[in-house]
>>> print(open('input.pdb').read())   # PDB, C-alpha atoms
MODEL        1
ATOM      1  CA  MET A  30     -20.174  16.001  -4.212
ATOM      2  CA  LEU A  31     -18.003  16.379  -7.334
ATOM      3  CA  LYS A  32     -16.010  19.178  -5.716
ATOM      4  CA  ARG A  33     -15.323  17.025  -2.648
ATOM      5  CA  ALA A  34     -14.292  14.104  -4.846
ATOM      6  CA  ILE A  35     -11.853  16.300  -6.789
ATOM      7  CA  ILE A  36     -10.376  17.660  -3.555
ATOM      8  CA  ALA A  37     -10.005  14.142  -2.120
ATOM      9  CA  VAL A  38      -8.318  12.846  -5.279
ATOM     10  CA  ALA A  39      -5.984  15.861  -5.379
ATOM     11  CA  ALA A  40      -5.087  15.401  -1.698
ATOM     12  CA  THR A  41      -4.410  11.689  -2.171
ATOM     13  CA  VAL A  42      -2.177  12.331  -5.196
ATOM     14  CA  SER A  43      -0.346  15.088  -3.286
ATOM     15  CA  ILE A  44       0.306  12.786  -0.329
ATOM     16  CA  ALA A  45       1.482   9.974  -2.606
ATOM     17  CA  ALA A  46       3.721  12.396  -4.514
ATOM     18  CA  GLY A  47       5.137  13.662  -1.227
ATOM     19  CA  MET A  48       5.906  10.132  -0.083
ATOM     20  CA  ALA A  49       7.539   9.335  -3.430
ATOM     21  CA  THR A  50       9.661  12.483  -3.106
ATOM     22  CA  ALA A  51      10.617  11.560   0.450
ATOM     23  CA  ALA A  52      11.631   8.105  -0.741
ATOM     24  CA  ALA A  53      13.657   9.701  -3.531
ATOM     25  CA  ALA A  54      15.496  11.869  -0.997
ATOM     26  CA  GLN A  55      16.826   8.811   0.828
ATOM     27  CA  SER A  56      20.290   7.718  -0.227
ATOM     28  CA  ALA A  57      20.769   4.168  -1.496
ATOM     29  CA  ASP A  58      23.869   3.788   0.654
ATOM     30  CA  THR A  59      21.574   3.318   3.652
ATOM     31  CA  VAL A  60      20.968  -0.184   2.320
ATOM     32  CA  THR A  61      24.543  -1.355   2.660
ATOM     33  CA  SER A  62      25.832  -0.087   5.962
ATOM     34  CA  SER A  63      23.447   1.854   8.161
ATOM     35  CA  PRO A  64      22.594   0.347  11.569
ATOM     36  CA  GLY A  65      19.163   1.983  11.218
ATOM     37  CA  TYR A  66      18.329   0.049   8.044
ATOM     38  CA  TRP A  67      15.567  -2.141   9.510
ATOM     39  CA  ARG A  68      14.052   0.790  11.398
ATOM     40  CA  ARG A  69      13.790   2.848   8.192
ATOM     41  CA  LEU A  70      12.435  -0.127   6.251
ATOM     42  CA  ALA A  71       9.786  -0.687   8.963
ATOM     43  CA  ALA A  72       8.929   3.028   8.841
ATOM     44  CA  GLY A  73       8.356   2.700   5.091
ATOM     45  CA  VAL A  74       6.064  -0.296   5.560
ATOM     46  CA  ALA A  75       4.114   1.489   8.332
ATOM     47  CA  THR A  76       3.777   4.620   6.186
ATOM     48  CA  SER A  77       2.393   2.578   3.289
ATOM     49  CA  ILE A  78      -0.187   0.940   5.564
ATOM     50  CA  LEU A  79      -1.176   4.268   7.148
ATOM     51  CA  LEU A  80      -1.724   5.745   3.674
ATOM     52  CA  HIS A  81      -3.907   2.721   2.887
ATOM     53  CA  GLU A  82      -6.115   3.500   5.889
ATOM     54  CA  ALA A  83      -6.070   7.265   5.218
ATOM     55  CA  ALA A  84      -7.360   6.566   1.702
ATOM     56  CA  HIS A  85     -10.308   4.628   3.162
ATOM     57  CA  ILE A  86     -11.127   7.515   5.490
ATOM     58  CA  GLY A  87     -10.805  10.121   2.743
ATOM     59  CA  SER A  88     -13.026   8.172   0.360
ATOM     60  CA  ALA A  89     -15.710   7.816   3.047
ATOM     61  CA  TYR A  90     -15.791  11.579   3.624
ATOM     62  CA  THR A  91     -15.907  12.098  -0.152
ATOM     63  CA  ALA A  92     -19.057   9.958  -0.219
ATOM     64  CA  ASN A  93     -20.625  12.194   2.482
ATOM     65  CA  ALA A  94     -20.342   9.341   4.972
ATOM     66  CA  HIS A  95     -18.976   9.341   8.510
ATOM     67  CA  PRO A  96     -16.249   6.700   8.921
ATOM     68  CA  SER A  97     -15.707   5.143  12.323
ATOM     69  CA  PHE A  98     -13.089   2.972  13.980
ATOM     70  CA  GLY A  99     -13.542  -0.320  15.721
ATOM     71  CA  PHE A 100     -12.189  -3.834  16.087
ATOM     72  CA  ASP A 101     -13.128  -6.980  14.230
ATOM     73  CA  LYS A 102     -11.702 -10.038  15.995
ATOM     74  CA  ALA A 103      -9.074  -7.796  17.635
ATOM     75  CA  ARG A 104      -8.095  -6.331  14.262
ATOM     76  CA  PRO A 105      -8.298  -2.500  13.999
ATOM     77  CA  THR A 106     -10.860  -1.640  11.323
ATOM     78  CA  VAL A 107     -12.137   1.465   9.544
ATOM     79  CA  TYR A 108     -15.878   1.298   8.878
ATOM     80  CA  SER A 109     -17.160   3.386   5.983
ATOM     81  CA  GLY A 110     -20.483   4.533   7.377
ATOM     82  CA  ILE A 111     -21.888   4.018   3.854
ATOM     83  CA  ASP A 112     -25.148   2.186   3.270
ATOM     84  CA  ALA A 113     -23.712  -0.431   0.910
ATOM     85  CA  ALA A 114     -27.158  -1.703  -0.116
ATOM     86  CA  ARG A 115     -28.231   1.767  -1.176
ATOM     87  CA  TYR A 116     -24.894   3.027  -2.508
ATOM     88  CA  PRO A 117     -22.913  -0.027  -3.670
ATOM     89  CA  ARG A 118     -20.572   1.965  -5.905
ATOM     90  CA  ARG A 119     -19.623   4.316  -3.077
ATOM     91  CA  GLN A 120     -18.864   1.290  -0.908
ATOM     92  CA  PHE A 121     -16.820  -0.203  -3.740
ATOM     93  CA  TRP A 122     -14.642   2.905  -4.031
ATOM     94  CA  PHE A 123     -14.254   3.035  -0.261
ATOM     95  CA  SER A 124     -13.078  -0.589  -0.193
ATOM     96  CA  ALA A 125     -10.785  -0.118  -3.199
ATOM     97  CA  ALA A 126      -9.246   3.169  -2.035
ATOM     98  CA  GLY A 127      -6.529   1.671   0.171
ATOM     99  CA  LEU A 128      -5.094  -0.679  -2.443
ATOM    100  CA  ASN A 129      -5.485   2.012  -5.109
ATOM    101  CA  VAL A 130      -3.375   4.512  -3.181
ATOM    102  CA  GLN A 131      -0.678   1.961  -2.325
ATOM    103  CA  SER A 132      -0.521   0.835  -5.966
ATOM    104  CA  LEU A 133      -0.324   4.460  -7.114
ATOM    105  CA  LEU A 134       2.456   5.220  -4.629
ATOM    106  CA  ASP A 135       4.487   2.182  -5.717
ATOM    107  CA  GLU A 136       3.972   3.117  -9.361
ATOM    108  CA  MET A 137       5.194   6.665  -8.703
ATOM    109  CA  ILE A 138       8.285   5.417  -6.869
ATOM    110  CA  LEU A 139       9.110   3.036  -9.721
ATOM    111  CA  ASP A 140       8.475   5.680 -12.413
ATOM    112  CA  ILE A 141       9.785   8.989 -11.049
ATOM    113  CA  PRO A 142      13.513   9.340 -11.826
ATOM    114  CA  HIS A 143      15.594   9.494  -8.627
ATOM    115  CA  HIS A 144      18.442   7.796  -6.777
ATOM    116  CA  ARG A 145      16.738   4.484  -5.935
ATOM    117  CA  GLY A 146      17.073   1.758  -3.355
ATOM    118  CA  SER A 147      16.861   3.362   0.101
ATOM    119  CA  ALA A 148      15.583   1.346   3.055
ATOM    120  CA  PHE A 149      12.548   3.621   3.511
ATOM    121  CA  GLU A 150      11.684   3.330  -0.176
ATOM    122  CA  ARG A 151      11.994  -0.449  -0.036
ATOM    123  CA  GLY A 152       9.589  -0.432   2.900
ATOM    124  CA  LEU A 153       7.054   1.669   0.981
ATOM    125  CA  ILE A 154       7.150  -0.645  -2.029
ATOM    126  CA  GLY A 155       7.171  -3.780   0.115
ATOM    127  CA  GLY A 156       4.242  -2.476   2.152
ATOM    128  CA  GLY A 157       2.182  -1.944  -0.988
ATOM    129  CA  ILE A 158       3.011  -5.301  -2.523
ATOM    130  CA  GLY A 159       2.642  -7.119   0.805
ATOM    131  CA  THR A 160      -0.766  -5.604   1.564
ATOM    132  CA  THR A 161      -2.011  -6.544  -1.895
ATOM    133  CA  VAL A 162      -0.741 -10.112  -1.578
ATOM    134  CA  PHE A 163      -2.388 -10.389   1.858
ATOM    135  CA  TYR A 164      -5.792  -9.249   0.560
ATOM    136  CA  LEU A 165      -5.607 -11.540  -2.448
ATOM    137  CA  THR A 166      -4.727 -14.630  -0.380
ATOM    138  CA  ILE A 167      -5.482 -15.142   3.319
ATOM    139  CA  GLY A 168      -7.296 -11.801   3.560
ATOM    140  CA  ARG A 169      -9.462 -12.493   0.516
ATOM    141  CA  THR A 170     -12.475 -13.463   2.606
ATOM    142  CA  GLY A 171     -13.695 -12.250   5.950
ATOM    143  CA  SER A 172     -16.170  -9.872   7.494
ATOM    144  CA  VAL A 173     -13.981  -6.816   6.883
ATOM    145  CA  SER A 174     -11.984  -7.934   3.842
ATOM    146  CA  ASP A 175     -11.607  -5.183   1.230
ATOM    147  CA  VAL A 176     -11.793  -7.763  -1.559
ATOM    148  CA  ASP A 177     -14.904  -9.367  -0.079
ATOM    149  CA  PHE A 178     -16.616  -5.995   0.281
ATOM    150  CA  MET A 179     -15.731  -5.027  -3.303
ATOM    151  CA  ALA A 180     -17.205  -8.297  -4.564
ATOM    152  CA  HIS A 181     -20.418  -7.850  -2.557
ATOM    153  CA  THR A 182     -21.123  -4.494  -4.200
ATOM    154  CA  GLY A 183     -21.648  -6.240  -7.537
ATOM    155  CA  VAL A 184     -19.255  -3.914  -9.365
ATOM    156  CA  LEU A 185     -16.615  -6.649  -9.758
ATOM    157  CA  ASP A 186     -16.448 -10.223  -8.522
ATOM    158  CA  LYS A 187     -13.581 -11.668  -6.467
ATOM    159  CA  THR A 188     -11.862 -13.174  -9.474
ATOM    160  CA  GLN A 189     -11.853  -9.852 -11.319
ATOM    161  CA  VAL A 190     -10.580  -7.981  -8.261
ATOM    162  CA  THR A 191      -7.862 -10.595  -7.774
ATOM    163  CA  MET A 192      -6.794 -10.431 -11.417
ATOM    164  CA  ILE A 193      -6.610  -6.616 -11.458
ATOM    165  CA  TYR A 194      -4.708  -6.069  -8.217
ATOM    166  CA  GLY A 195      -2.715  -9.269  -8.596
ATOM    167  CA  ALA A 196      -1.496  -8.132 -12.012
ATOM    168  CA  ILE A 197      -0.456  -4.737 -10.625
ATOM    169  CA  ALA A 198       1.421  -6.318  -7.703
ATOM    170  CA  ALA A 199       3.077  -8.841 -10.037
ATOM    171  CA  MET A 200       4.176  -6.045 -12.381
ATOM    172  CA  HIS A 201       5.660  -4.051  -9.502
ATOM    173  CA  THR A 202       7.430  -7.150  -8.173
ATOM    174  CA  TRP A 203       8.831  -7.902 -11.638
ATOM    175  CA  ARG A 204      10.107  -4.335 -12.015
ATOM    176  CA  VAL A 205      11.756  -4.417  -8.585
ATOM    177  CA  ALA A 206      13.385  -7.793  -9.340
ATOM    178  CA  ARG A 207      14.864  -6.464 -12.594
ATOM    179  CA  ASN A 208      16.245  -3.245 -11.118
ATOM    180  CA  PRO A 209      19.781  -3.539  -9.661
ATOM    181  CA  ALA A 210      18.995  -0.689  -7.225
ATOM    182  CA  TYR A 211      16.691  -3.102  -5.388
ATOM    183  CA  ALA A 212      19.116  -6.028  -5.238
ATOM    184  CA  ASN A 213      18.639  -8.162  -2.118
ATOM    185  CA  PHE A 214      15.173  -6.716  -1.533
ATOM    186  CA  PHE A 215      14.402  -6.917   2.218
ATOM    187  CA  ALA A 216      17.998  -7.977   2.823
ATOM    188  CA  ARG A 217      20.954  -5.919   3.968
ATOM    189  CA  PRO A 218      24.384  -6.729   2.518
ATOM    190  CA  THR A 219      27.111  -6.871   5.176
ATOM    191  CA  ALA A 220      30.793  -7.733   5.274
ATOM    192  CA  HIS A 221      29.786 -11.217   6.479
ATOM    193  CA  GLY A 222      27.051 -11.961   3.946
ATOM    194  CA  LEU A 223      23.377 -10.993   3.933
ATOM    195  CA  ASP A 224      21.219 -10.098   6.915
ATOM    196  CA  ILE A 225      17.771 -11.509   6.252
ATOM    197  CA  GLY A 226      15.010 -10.435   8.597
ATOM    198  CA  ILE A 227      16.416  -9.734  12.054
ATOM    199  CA  GLY A 228      19.755 -11.187  13.020
ATOM    200  CA  ARG A 229      19.828 -13.995  10.465
ATOM    201  CA  ARG A 230      22.958 -14.039   8.328
ATOM    202  CA  PHE A 231      23.968 -15.929   5.165
TER     203      PHE A 231
ENDMDL
END
>>> encode(input="input.pdb", output="structure tokens")
Amino acid sequence: MLKRAIIAVAATVSIAAGMATAAAAQSADTVTSSPGYWRRLAAGVATSILLHEAAHIGSAYTANAHPSFGFDKARPTVYSGIDAARYPRRQFWFSAAGLNVQSLLDEMILDIPHHRGSAFERGLIGGGIGTTVFYLTIGRTGSVSDVDFMAHTGVLDKTQVTMIYGAIAAMHTWRVARNPAYANFFARPTAHGLDIGIGRRF
């Protein structure tokens, strides 16, 4: 069990480090002029979300469980396969794994020295912050909410979970806002102003 946990943690850190390195390899000039800006930003967001789900799957296997896939109200869902009543702490770590990995990835991107500000990197950071904000607001309750599941294990309550992950997301947002490399976050400067979202210009 311990050996599997160590391997899972090492694999997760390696993947996060690889994604941080990939983000570092992107040039910041992609933000200002590339026609593929939004595609690379979307790829960063998708990668962040996929790592979130991969962390859930990895943590389930670490707990000797057999994760499965299904739909909850048309929403794709990863089920842990863990008996939460019998192993509440295992369920807690399964539910926390996704946000933990995204927070770790964002922290690595913001800490590791590199040429910052690429579209893909912005997508990775935005995906992590956005997922956290979703789970702490409209996704805070629900039959498959990570926050709700964490609270039901009795390890932490919803307020504690919200304070911990909310503080991390707020810190990352503050650091991004203060770094000139991330100016116009989720916006692309053009000769005519700023492109916000798709096709909207100021």
>>> closest_residue(input="input.pdb", among="A:Leu185, A:Val190, A:Ile141, A:Ile154", to="Thr166 (chain A)", atoms="all atoms listed in the file")
A:Val190
>>> closest_residue(input="input.pdb", among="A:Tyr164, A:Trp122, A:Val173, A:Ala71", to="Phe100 (chain A)", atoms="all atoms listed in the file")
A:Val173
>>> atom_distance(input="input.pdb", atom1="CA of Ala72 (chain A)", atom2="CA of Phe149 (chain A)")
6.5 Å
>>> residues_around(input="input.pdb", residues="region 77-92 of chain A", least_positions_apart="4", cutoff="8 Å", atoms="only C-alpha atoms", output="list in words")
Met30, Arg33, Ala34, Ala37, Thr41, Gly73, Pro96, Val107, Ser109, Gly110, Ile111, Arg119, Trp122, Phe123, Ser124, Ala125, Ala126, Gly127, Leu128, Val130, Gln131, Gly152, Leu153, Ile154, Gly156, Gly157 and Thr160 of chain A
>>> atom_distance(input="input.pdb", atom1="CA of Asp101 (chain A)", atom2="CA of Ser174 (chain A)")
10.5 Å
>>> atom_distance(input="input.pdb", atom1="CA of Phe163 (chain A)", atom2="CA of His181 (chain A)")
18.7 Å
